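K.L.:
Just one file: data10.pdb, with PDB, C-alpha atoms, pLDDT in the B column.
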ATOM      1  CA  MET A  28      24.506 -10.360  15.848  1.00 48.00           C
ATOM      2  CA  SER A  29      23.562 -12.273  18.992  1.00 55.00           C
ATOM      3  CA  LYS A  30      19.960 -13.191  19.722  1.00 77.00           C
ATOM      4  CA  ASN A  31      18.156 -11.234  22.437  1.00 84.00           C
ATOM      5  CA  PHE A  32      15.736 -14.097  23.045  1.00 88.00           C
ATOM      6  CA  LYS A  33      15.846 -17.769  23.955  1.00 88.00           C
ATOM      7  CA  ILE A  34      12.942 -20.026  23.020  1.00 91.00           C
ATOM      8  CA  ASP A  35      12.028 -22.588  25.654  1.00 89.00           C
ATOM      9  CA  TYR A  36      11.923 -25.640  23.402  1.00 92.00           C
ATOM     10  CA  LYS A  37      11.972 -28.040  26.354  1.00 89.00           C
ATOM     11  CA  ARG A  38       8.768 -26.616  27.804  1.00 92.00           C
ATOM     12  CA  LYS A  39       6.640 -29.278  26.125  1.00 90.00           C
ATOM     13  CA  GLU A  40       8.719 -32.019  27.755  1.00 91.00           C
ATOM     14  CA  ARG A  41       8.256 -30.413  31.172  1.00 94.00           C
ATOM     15  CA  ILE A  42       4.617 -29.340  31.177  1.00 92.00           C
ATOM     16  CA  GLY A  43       2.994 -30.736  28.044  1.00 91.00           C
ATOM     17  CA  PHE A  44       2.781 -27.745  25.719  1.00 92.00           C
ATOM     18  CA  GLN A  45       5.149 -25.516  23.778  1.00 92.00           C
ATOM     19  CA  GLU A  46       5.813 -21.818  24.212  1.00 94.00           C
ATOM     20  CA  VAL A  47       3.513 -19.200  22.680  1.00 96.00           C
ATOM     21  CA  ILE A  48       4.805 -15.725  21.817  1.00 96.00           C
ATOM     22  CA  PHE A  49       3.334 -12.441  23.064  1.00 97.00           C
ATOM     23  CA  GLY A  50       3.562 -10.125  20.072  1.00 96.00           C
ATOM     24  CA  ALA A  51       2.096  -6.768  21.087  1.00 96.00           C
ATOM     25  CA  SER A  52       5.283  -5.212  22.446  1.00 95.00           C
ATOM     26  CA  LYS A  53       7.760  -6.826  20.066  1.00 96.00           C
ATOM     27  CA  THR A  54       9.064  -5.211  16.894  1.00 96.00           C
ATOM     28  CA  ILE A  55       8.663  -6.776  13.459  1.00 96.00           C
ATOM     29  CA  GLU A  56      12.393  -7.535  13.454  1.00 96.00           C
ATOM     30  CA  GLN A  57      12.194  -9.307  16.812  1.00 96.00           C
ATOM     31  CA  LEU A  58       9.167 -11.334  15.748  1.00 97.00           C
ATOM     32  CA  ASP A  59      10.796 -12.233  12.454  1.00 96.00           C
ATOM     33  CA  ALA A  60      13.904 -13.515  14.238  1.00 96.00           C
ATOM     34  CA  ILE A  61      11.809 -15.552  16.673  1.00 96.00           C
ATOM     35  CA  VAL A  62       9.718 -17.070  13.882  1.00 97.00           C
ATOM     36  CA  GLU A  63      12.863 -17.932  11.939  1.00 95.00           C
ATOM     37  CA  ASP A  64      14.153 -19.752  15.007  1.00 95.00           C
ATOM     38  CA  TYR A  65      10.919 -21.752  15.180  1.00 95.00           C
ATOM     39  CA  GLN A  66      11.232 -22.550  11.479  1.00 95.00           C
ATOM     40  CA  LYS A  67      14.774 -23.861  11.934  1.00 94.00           C
ATOM     41  CA  ASN A  68      13.432 -26.152  14.650  1.00 92.00           C
ATOM     42  CA  LYS A  69      10.590 -27.252  12.332  1.00 93.00           C
ATOM     43  CA  GLN A  70       7.841 -25.918  14.591  1.00 94.00           C
ATOM     44  CA  SER A  71       4.821 -23.736  13.959  1.00 96.00           C
ATOM     45  CA  ALA A  72       4.774 -20.478  15.918  1.00 97.00           C
ATOM     46  CA  LEU A  73       1.658 -19.016  17.522  1.00 98.00           C
ATOM     47  CA  ILE A  74       1.861 -15.306  18.338  1.00 98.00           C
ATOM     48  CA  THR A  75      -0.769 -13.452  20.354  1.00 98.00           C
ATOM     49  CA  ARG A  76      -1.847  -9.793  20.138  1.00 98.00           C
ATOM     50  CA  VAL A  77      -0.049  -9.060  16.864  1.00 97.00           C
ATOM     51  CA  GLN A  78      -1.029  -5.711  15.374  1.00 97.00           C
ATOM     52  CA  LYS A  79      -2.221  -5.906  11.772  1.00 97.00           C
ATOM     53  CA  VAL A  80       0.727  -4.008  10.291  1.00 97.00           C
ATOM     54  CA  LYS A  81       3.176  -6.482  11.840  1.00 97.00           C
ATOM     55  CA  ALA A  82       1.107  -9.489  10.789  1.00 97.00           C
ATOM     56  CA  GLU A  83       0.965  -8.329   7.177  1.00 97.00           C
ATOM     57  CA  VAL A  84       4.760  -8.101   6.991  1.00 97.00           C
ATOM     58  CA  LEU A  85       5.275 -11.526   8.538  1.00 97.00           C
ATOM     59  CA  CYS A  86       2.621 -13.127   6.343  1.00 97.00           C
ATOM     60  CA  GLU A  87       4.441 -11.800   3.279  1.00 96.00           C
ATOM     61  CA  ARG A  88       7.693 -13.368   4.471  1.00 96.00           C
ATOM     62  CA  TYR A  89       6.313 -16.807   5.365  1.00 96.00           C
ATOM     63  CA  ASP A  90       4.091 -18.811   3.026  1.00 93.00           C
ATOM     64  CA  GLN A  91       2.321 -20.904   5.636  1.00 94.00           C
ATOM     65  CA  ASN A  92       0.374 -18.491   7.793  1.00 97.00           C
ATOM     66  CA  PHE A  93      -2.963 -17.654   9.359  1.00 98.00           C
ATOM     67  CA  TYR A  94      -4.022 -14.313  10.841  1.00 98.00           C
ATOM     68  CA  ASP A  95      -7.254 -13.444  12.609  1.00 98.00           C
ATOM     69  CA  SER A  96      -7.618  -9.667  12.688  1.00 97.00           C
ATOM     70  CA  ILE A  97     -10.362  -9.769  15.346  1.00 98.00           C
ATOM     71  CA  SER A  98      -8.247 -11.446  18.034  1.00 98.00           C
ATOM     72  CA  GLU A  99      -4.887 -10.482  16.466  1.00 98.00           C
ATOM     73  CA  MET A 100      -3.744 -14.104  16.626  1.00 98.00           C
ATOM     74  CA  LEU A 101      -1.017 -15.006  14.133  1.00 98.00           C
ATOM     75  CA  LEU A 102       0.121 -18.509  13.238  1.00 98.00           C
ATOM     76  CA  ILE A 103       3.217 -19.048  11.143  1.00 98.00           C
ATOM     77  CA  GLY A 104       2.973 -22.679  10.140  1.00 96.00           C
ATOM     78  CA  GLU A 105      -0.055 -24.944  10.347  1.00 96.00           C
ATOM     79  CA  PHE A 106      -2.658 -25.988  12.871  1.00 97.00           C
ATOM     80  CA  PRO A 107      -2.550 -29.720  13.740  1.00 95.00           C
ATOM     81  CA  ILE A 108      -4.383 -31.900  11.236  1.00 94.00           C
ATOM     82  CA  GLU A 109      -5.860 -34.152  13.926  1.00 94.00           C
ATOM     83  CA  LYS A 110      -7.990 -32.358  16.514  1.00 95.00           C
ATOM     84  CA  LYS A 111      -9.991 -33.546  19.487  1.00 96.00           C
ATOM     85  CA  GLU A 112     -13.505 -32.161  19.787  1.00 96.00           C
ATOM     86  CA  ASN A 113     -16.257 -31.989  22.440  1.00 96.00           C
ATOM     87  CA  GLU A 114     -13.842 -31.220  25.288  1.00 98.00           C
ATOM     88  CA  VAL A 115     -14.128 -27.434  25.659  1.00 98.00           C
ATOM     89  CA  ALA A 116     -17.007 -25.036  25.059  1.00 98.00           C
ATOM     90  CA  ILE A 117     -16.582 -21.270  24.898  1.00 98.00           C
ATOM     91  CA  LEU A 118     -19.607 -19.266  26.054  1.00 98.00           C
ATOM     92  CA  SER A 119     -19.806 -15.513  25.586  1.00 97.00           C
ATOM     93  CA  GLY A 120     -22.250 -12.882  26.704  1.00 94.00           C
ATOM     94  CA  GLY A 121     -22.347 -10.777  23.544  1.00 93.00           C
ATOM     95  CA  THR A 122     -21.043 -10.255  20.040  1.00 94.00           C
ATOM     96  CA  SER A 123     -18.586  -7.651  21.356  1.00 96.00           C
ATOM     97  CA  ASP A 124     -16.690 -10.454  23.120  1.00 97.00           C
ATOM     98  CA  GLN A 125     -15.634 -11.959  19.784  1.00 97.00           C
ATOM     99  CA  PHE A 126     -11.988 -10.914  20.142  1.00 98.00           C
ATOM    100  CA  LEU A 127     -11.656 -13.027  23.272  1.00 98.00           C
ATOM    101  CA  VAL A 128     -13.686 -15.929  21.924  1.00 98.00           C
ATOM    102  CA  ASN A 129     -11.347 -16.102  18.931  1.00 98.00           C
ATOM    103  CA  GLU A 130      -8.224 -15.803  21.062  1.00 98.00           C
ATOM    104  CA  ILE A 131      -9.374 -18.763  23.143  1.00 98.00           C
ATOM    105  CA  TYR A 132     -10.505 -20.745  20.109  1.00 98.00           C
ATOM    106  CA  TYR A 133      -7.298 -20.399  18.091  1.00 98.00           C
ATOM    107  CA  THR A 134      -5.065 -21.012  21.094  1.00 98.00           C
ATOM    108  CA  LEU A 135      -6.795 -24.314  21.757  1.00 98.00           C
ATOM    109  CA  LEU A 136      -6.746 -25.170  18.050  1.00 98.00           C
ATOM    110  CA  TYR A 137      -2.963 -24.693  18.041  1.00 97.00           C
ATOM    111  CA  PHE A 138      -2.786 -27.378  20.715  1.00 97.00           C
ATOM    112  CA  GLY A 139      -5.022 -29.782  18.822  1.00 97.00           C
ATOM    113  CA  ARG A 140      -8.324 -29.044  20.561  1.00 97.00           C
ATOM    114  CA  LYS A 141     -11.296 -27.776  18.555  1.00 98.00           C
ATOM    115  CA  ALA A 142     -13.586 -25.916  20.940  1.00 98.00           C
ATOM    116  CA  SER A 143     -17.280 -25.277  20.341  1.00 98.00           C
ATOM    117  CA  ARG A 144     -18.524 -21.688  20.486  1.00 98.00           C
ATOM    118  CA  TYR A 145     -21.826 -20.547  22.012  1.00 97.00           C
ATOM    119  CA  GLN A 146     -22.020 -16.815  21.462  1.00 96.00           C
ATOM    120  CA  ASP A 147     -24.396 -14.014  22.378  1.00 95.00           C
ATOM    121  CA  ILE A 148     -26.066 -15.957  25.205  1.00 95.00           C
ATOM    122  CA  GLY A 149     -25.744 -13.346  27.952  1.00 92.00           C
ATOM    123  CA  VAL A 150     -27.994 -13.043  30.989  1.00 92.00           C
ATOM    124  CA  ALA A 151     -30.056 -10.218  29.449  1.00 91.00           C
ATOM    125  CA  GLY A 152     -31.721 -12.996  27.462  1.00 92.00           C
ATOM    126  CA  VAL A 153     -31.026 -15.990  29.687  1.00 93.00           C
ATOM    127  CA  HIS A 154     -33.338 -18.227  27.638  1.00 94.00           C
ATOM    128  CA  ARG A 155     -30.558 -18.311  25.011  1.00 95.00           C
ATOM    129  CA  LEU A 156     -28.333 -20.058  27.547  1.00 96.00           C
ATOM    130  CA  LEU A 157     -31.093 -22.349  28.785  1.00 95.00           C
ATOM    131  CA  ASP A 158     -31.783 -23.502  25.230  1.00 95.00           C
ATOM    132  CA  ASN A 159     -28.258 -24.997  25.133  1.00 96.00           C
ATOM    133  CA  ILE A 160     -28.000 -26.525  28.609  1.00 97.00           C
ATOM    134  CA  GLU A 161     -28.382 -30.166  27.598  1.00 97.00           C
ATOM    135  CA  GLU A 162     -25.809 -29.821  24.825  1.00 97.00           C
ATOM    136  CA  LEU A 163     -23.344 -28.064  27.125  1.00 98.00           C
ATOM    137  CA  LYS A 164     -23.358 -30.974  29.562  1.00 97.00           C
ATOM    138  CA  LYS A 165     -21.190 -33.074  27.225  1.00 97.00           C
ATOM    139  CA  PHE A 166     -18.080 -30.867  27.514  1.00 98.00           C
ATOM    140  CA  LYS A 167     -15.276 -31.365  30.034  1.00 98.00           C
ATOM    141  CA  VAL A 168     -14.525 -27.660  30.594  1.00 98.00           C
ATOM    142  CA  LEU A 169     -16.513 -24.471  30.041  1.00 98.00           C
ATOM    143  CA  ILE A 170     -14.843 -21.117  29.384  1.00 98.00           C
ATOM    144  CA  VAL A 171     -17.256 -18.238  29.985  1.00 98.00           C
ATOM    145  CA  VAL A 172     -16.554 -14.728  28.683  1.00 98.00           C
ATOM    146  CA  ALA A 173     -18.554 -11.698  29.808  1.00 97.00           C
ATOM    147  CA  GLY A 174     -18.223  -7.947  30.115  1.00 97.00           C
ATOM    148  CA  PHE A 175     -20.434  -5.309  31.785  1.00 96.00           C
ATOM    149  CA  GLU A 176     -21.513  -6.799  35.153  1.00 95.00           C
ATOM    150  CA  GLY A 177     -19.926 -10.176  34.364  1.00 96.00           C
ATOM    151  CA  ALA A 178     -22.840 -12.268  35.624  1.00 96.00           C
ATOM    152  CA  LEU A 179     -22.799 -15.046  33.031  1.00 97.00           C
ATOM    153  CA  PRO A 180     -20.201 -17.325  34.720  1.00 98.00           C
ATOM    154  CA  THR A 181     -22.215 -17.314  37.949  1.00 97.00           C
ATOM    155  CA  VAL A 182     -25.399 -18.325  36.130  1.00 97.00           C
ATOM    156  CA  VAL A 183     -23.532 -21.059  34.244  1.00 98.00           C
ATOM    157  CA  GLY A 184     -21.932 -22.212  37.498  1.00 97.00           C
ATOM    158  CA  GLY A 185     -25.357 -22.617  39.067  1.00 97.00           C
ATOM    159  CA  LEU A 186     -26.610 -24.771  36.197  1.00 97.00           C
ATOM    160  CA  LEU A 187     -23.696 -26.947  35.084  1.00 97.00           C
ATOM    161  CA  PRO A 188     -21.182 -29.130  36.979  1.00 97.00           C
ATOM    162  CA  GLN A 189     -17.988 -28.858  34.902  1.00 97.00           C
ATOM    163  CA  PRO A 190     -14.898 -26.806  35.741  1.00 97.00           C
ATOM    164  CA  ILE A 191     -15.696 -23.219  34.731  1.00 98.00           C
ATOM    165  CA  ILE A 192     -13.061 -20.671  33.741  1.00 98.00           C
ATOM    166  CA  ALA A 193     -14.400 -17.123  33.791  1.00 98.00           C
ATOM    167  CA  VAL A 194     -12.935 -14.403  31.571  1.00 98.00           C
ATOM    168  CA  PRO A 195     -13.837 -10.784  32.378  1.00 98.00           C
ATOM    169  CA  ALA A 196     -14.007  -8.749  29.170  1.00 98.00           C
ATOM    170  CA  SER A 197     -13.181  -5.049  28.954  1.00 97.00           C
ATOM    171  CA  ILE A 198     -16.552  -4.454  27.289  1.00 96.00           C
ATOM    172  CA  GLY A 199     -18.866  -1.896  28.817  1.00 95.00           C
ATOM    173  CA  TYR A 200     -19.296   1.787  29.498  1.00 95.00           C
ATOM    174  CA  GLY A 201     -19.633   4.080  32.496  1.00 96.00           C
ATOM    175  CA  ILE A 202     -18.726   2.193  35.667  1.00 94.00           C
ATOM    176  CA  GLY A 203     -18.530  -1.034  33.646  1.00 93.00           C
ATOM    177  CA  LYS A 204     -15.840   0.293  31.321  1.00 95.00           C
ATOM    178  CA  GLY A 205     -12.542  -1.576  31.223  1.00 97.00           C
ATOM    179  CA  GLY A 206     -13.648  -4.869  32.755  1.00 97.00           C
ATOM    180  CA  THR A 207     -12.972  -4.122  36.421  1.00 97.00           C
ATOM    181  CA  VAL A 208     -16.620  -4.541  37.434  1.00 97.00           C
ATOM    182  CA  ALA A 209     -16.815  -7.861  35.561  1.00 97.00           C
ATOM    183  CA  LEU A 210     -13.594  -9.031  37.221  1.00 98.00           C
ATOM    184  CA  HIS A 211     -14.822  -8.141  40.718  1.00 98.00           C
ATOM    185  CA  SER A 212     -18.181  -9.752  40.046  1.00 97.00           C
ATOM    186  CA  MET A 213     -16.577 -13.005  38.927  1.00 98.00           C
ATOM    187  CA  LEU A 214     -14.167 -13.018  41.869  1.00 97.00           C
ATOM    188  CA  SER A 215     -17.176 -12.510  44.178  1.00 97.00           C
ATOM    189  CA  SER A 216     -19.303 -15.196  42.532  1.00 96.00           C
ATOM    190  CA  CYS A 217     -21.543 -17.266  44.792  1.00 95.00           C
ATOM    191  CA  ALA A 218     -21.308 -20.201  42.351  1.00 95.00           C
ATOM    192  CA  ASN A 219     -18.785 -22.508  43.996  1.00 94.00           C
ATOM    193  CA  GLY A 220     -15.464 -23.312  42.372  1.00 95.00           C
ATOM    194  CA  ILE A 221     -15.317 -20.874  39.476  1.00 97.00           C
ATOM    195  CA  THR A 222     -11.792 -20.027  38.342  1.00 97.00           C
ATOM    196  CA  VAL A 223     -11.208 -16.446  37.174  1.00 98.00           C
ATOM    197  CA  VAL A 224      -8.422 -15.163  34.919  1.00 98.00           C
ATOM    198  CA  ASN A 225      -7.383 -11.556  34.402  1.00 98.00           C
ATOM    199  CA  ILE A 226      -9.252  -9.018  32.280  1.00 98.00           C
ATOM    200  CA  ASP A 227      -9.167  -9.938  28.564  1.00 98.00           C
ATOM    201  CA  ASN A 228      -6.889 -12.912  29.240  1.00 98.00           C
ATOM    202  CA  GLY A 229      -8.364 -15.287  26.689  1.00 98.00           C
ATOM    203  CA  TYR A 230      -5.023 -16.986  26.144  1.00 98.00           C
ATOM    204  CA  GLY A 231      -4.667 -17.695  29.859  1.00 98.00           C
ATOM    205  CA  ALA A 232      -8.159 -19.162  29.994  1.00 98.00           C
ATOM    206  CA  ALA A 233      -7.410 -21.422  27.035  1.00 98.00           C
ATOM    207  CA  MET A 234      -4.238 -22.693  28.671  1.00 98.00           C
ATOM    208  CA  ALA A 235      -6.018 -23.310  31.984  1.00 98.00           C
ATOM    209  CA  ALA A 236      -8.579 -25.402  30.119  1.00 98.00           C
ATOM    210  CA  TYR A 237      -5.830 -27.243  28.258  1.00 98.00           C
ATOM    211  CA  ARG A 238      -4.048 -28.124  31.478  1.00 96.00           C
ATOM    212  CA  ILE A 239      -7.290 -29.623  32.792  1.00 97.00           C
ATOM    213  CA  ILE A 240      -8.224 -31.687  29.738  1.00 96.00           C
ATOM    214  CA  ASN A 241      -4.650 -32.759  29.075  1.00 90.00           C
ATOM    215  CA  ASN A 242      -4.372 -34.361  32.491  1.00 82.00           C
ATOM    216  CA  VAL A 243      -7.800 -35.964  32.917  1.00 65.00           C
TER     217      VAL A 243
END
How does the structure come out when it is put into structure tokens?

P.N.:
Amino acid sequence: MSKNFKIDYKRKERIGFQEVIFGASKTIEQLDAIVEDYQKNKQSALITRVQKVKAEVLCERYDQNFYDSISEMLLIGEFPIEKKENEVAILSGGTSDQFLVNEIYYTLLYFGRKASRYQDIGVAGVHRLLDNIEELKKFKVLIVVAGFEGALPTVVGGLLPQPIIAVPASIGYGIGKGGTVALHSMLSSCANGITVVNIDNGYGAAMAAYRIINNV
């Protein structure tokens, strides 16, 4: 039976990092075949948005594995032993943003970068952010996650000089439901130079940060 996929193993040579698999819309059989291909090439496979039932099957089939049920990130293989720290900080507005914080964190970890997490420091209690300002200055890139009105990246952008990647979260209710308000707020930010990714795109934010720190 012929493969209906083709892994881009030369991607790392071209742009500095290997391919990551989007798992949400793939069947268990498709994911299993892709992982097996990675195994034959002696590479660990990182898969995003893997539903728990799929992850459980794959974890039974492969001994070396890690699954985070909050972000639905699945690793078949191992994270790098050596990791660089103090390059990226992940800031989030509330505990409900944990699924995105974890997606960002484990993506960067897969690429050998251990990010620091500053959680539940939203603008409703801005003193929680201010308490960490001096410590945040040491990082090269800041990734800021927020739902509801999405104001946190603007506040951070007015206080700190690093590149800031804003992630609108689909957390909220009423008019704030689904992340559209947060997205529009971040795109309209008056803090100069903020980069904004799509709603709930933690993986994209992690890769934007990696491109920055990998070429500094």

K.L.:
Do a neighbour search on A:Phe49 at 7 Å with all atoms listed in the file, toss out local chain neighbours closer than 4 positions, and write the hits as an NGL selection string.

P.N.:
:A and (74-76)

K.L.:
Per residue of stretch 35-132 of chain A within 10 Å of stretch 182-197 of chain A, what are the shortest atom pair and its distance in Å to one decimal, counting all atoms listed in the file, with rows by chain and residue number, as a Markdown table?

P.N.:
| residue | atom | partner | partner_atom | distance |
| --- | --- | --- | --- | --- |
| A:Ala116 | CA | A:Ile191 | CA | 9.9 |
| A:Ile117 | CA | A:Ile192 | CA | 9.5 |
| A:Leu118 | CA | A:Val183 | CA | 9.3 |
| A:Ser119 | CA | A:Val194 | CA | 9.2 |
| A:Gly120 | CA | A:Ala196 | CA | 9.5 |
| A:Ser123 | CA | A:Ala196 | CA | 9.1 |
| A:Asp124 | CA | A:Ala196 | CA | 6.8 |
| A:Phe126 | CA | A:Ala196 | CA | 9.5 |
| A:Leu127 | CA | A:Ala196 | CA | 7.7 |
| A:Val128 | CA | A:Val194 | CA | 9.8 |

K.L.:
Suppose a student applies the PyMOL selection byres ((chain A and resi 140) around 8) to this structure; what residues should they get, written as a list of chain:residue names?

P.N.:
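That selection, the PyMOL selection byres ((chain A and resi 140) around 8), comes back as A:Lys110, A:Lys111, A:Glu112, A:Glu114, A:Val115, A:Leu135, A:Leu136, A:Tyr137, A:Phe138, A:Gly139, A:Lys141, A:Ala142.
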
K.L.:
Write out as JSON, numbers by chain the residues lying within 8 Å of A:Glu46, counting all atoms listed in the file and excluding same-chain residues fewer than 4 positions away.

P.N.:
{"A": [34, 35, 36, 38, 39]}

K.L.:
Save out the residues we just selected, C-alpha atoms, as a PDB file, in the frame of the given file.

P.N.:
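Generated output (part.pdb):
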ATOM      1  CA  ILE A  34      12.942 -20.026  23.020  1.00 91.00           C
ATOM      2  CA  ASP A  35      12.028 -22.588  25.654  1.00 89.00           C
ATOM      3  CA  TYR A  36      11.923 -25.640  23.402  1.00 92.00           C
ATOM      4  CA  ARG A  38       8.768 -26.616  27.804  1.00 92.00           C
ATOM      5  CA  LYS A  39       6.640 -29.278  26.125  1.00 90.00           C
TER       6      LYS A  39
END

K.L.:
Can you list what the PyMOL selection byres ((chain A and resi 57-68) around 10) grabs from this structure, as an MDAnalysis selection string?

P.N.:
chainID A and resid 30:34 36 48:56 69:74 77 81:82 84:85 88:89 102:104

K.L.:
Do you know which residues the PyMOL selection byres ((chain A and resi 198-204) around 10) returns on this file, as a count of residues only?

P.N.:
18

K.L.:
Please determine, counting all atoms listed in the file, which residue among A:Val150, A:Met234, A:Leu156, A:Ala178 has the shortest atom-to-atom distance to A:Ser216.

P.N.:
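Closest to A:Ser216 of all the choices is A:Ala178.
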
K.L.:
How far is it from atom CA of A:Val172 to atom CA of A:Met100, in Å with one decimal?

P.N.:
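Separating atom CA of A:Val172 from atom CA of A:Met100 is a distance of 17.6 Å.
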
K.L.:
Rounded to one decimal place, report the atom CA of A:Ala232-atom CA of A:Glu109 distance in Å.

P.N.:
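Distance reported for this atom pair: 22.1 Å.
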
K.L.:
With all atoms listed in the file as the atoms that count, which of A:Gly149, A:Gly220, A:Pro107, A:Pro180 lies nearest to A:Thr134?

P.N.:
A:Pro107

K.L.:
So the first atom is atom CA of A:Asp90 and the second is atom CA of A:Ile108; what is the distance between them in Å, to one decimal place?

P.N.:
17.6 Å
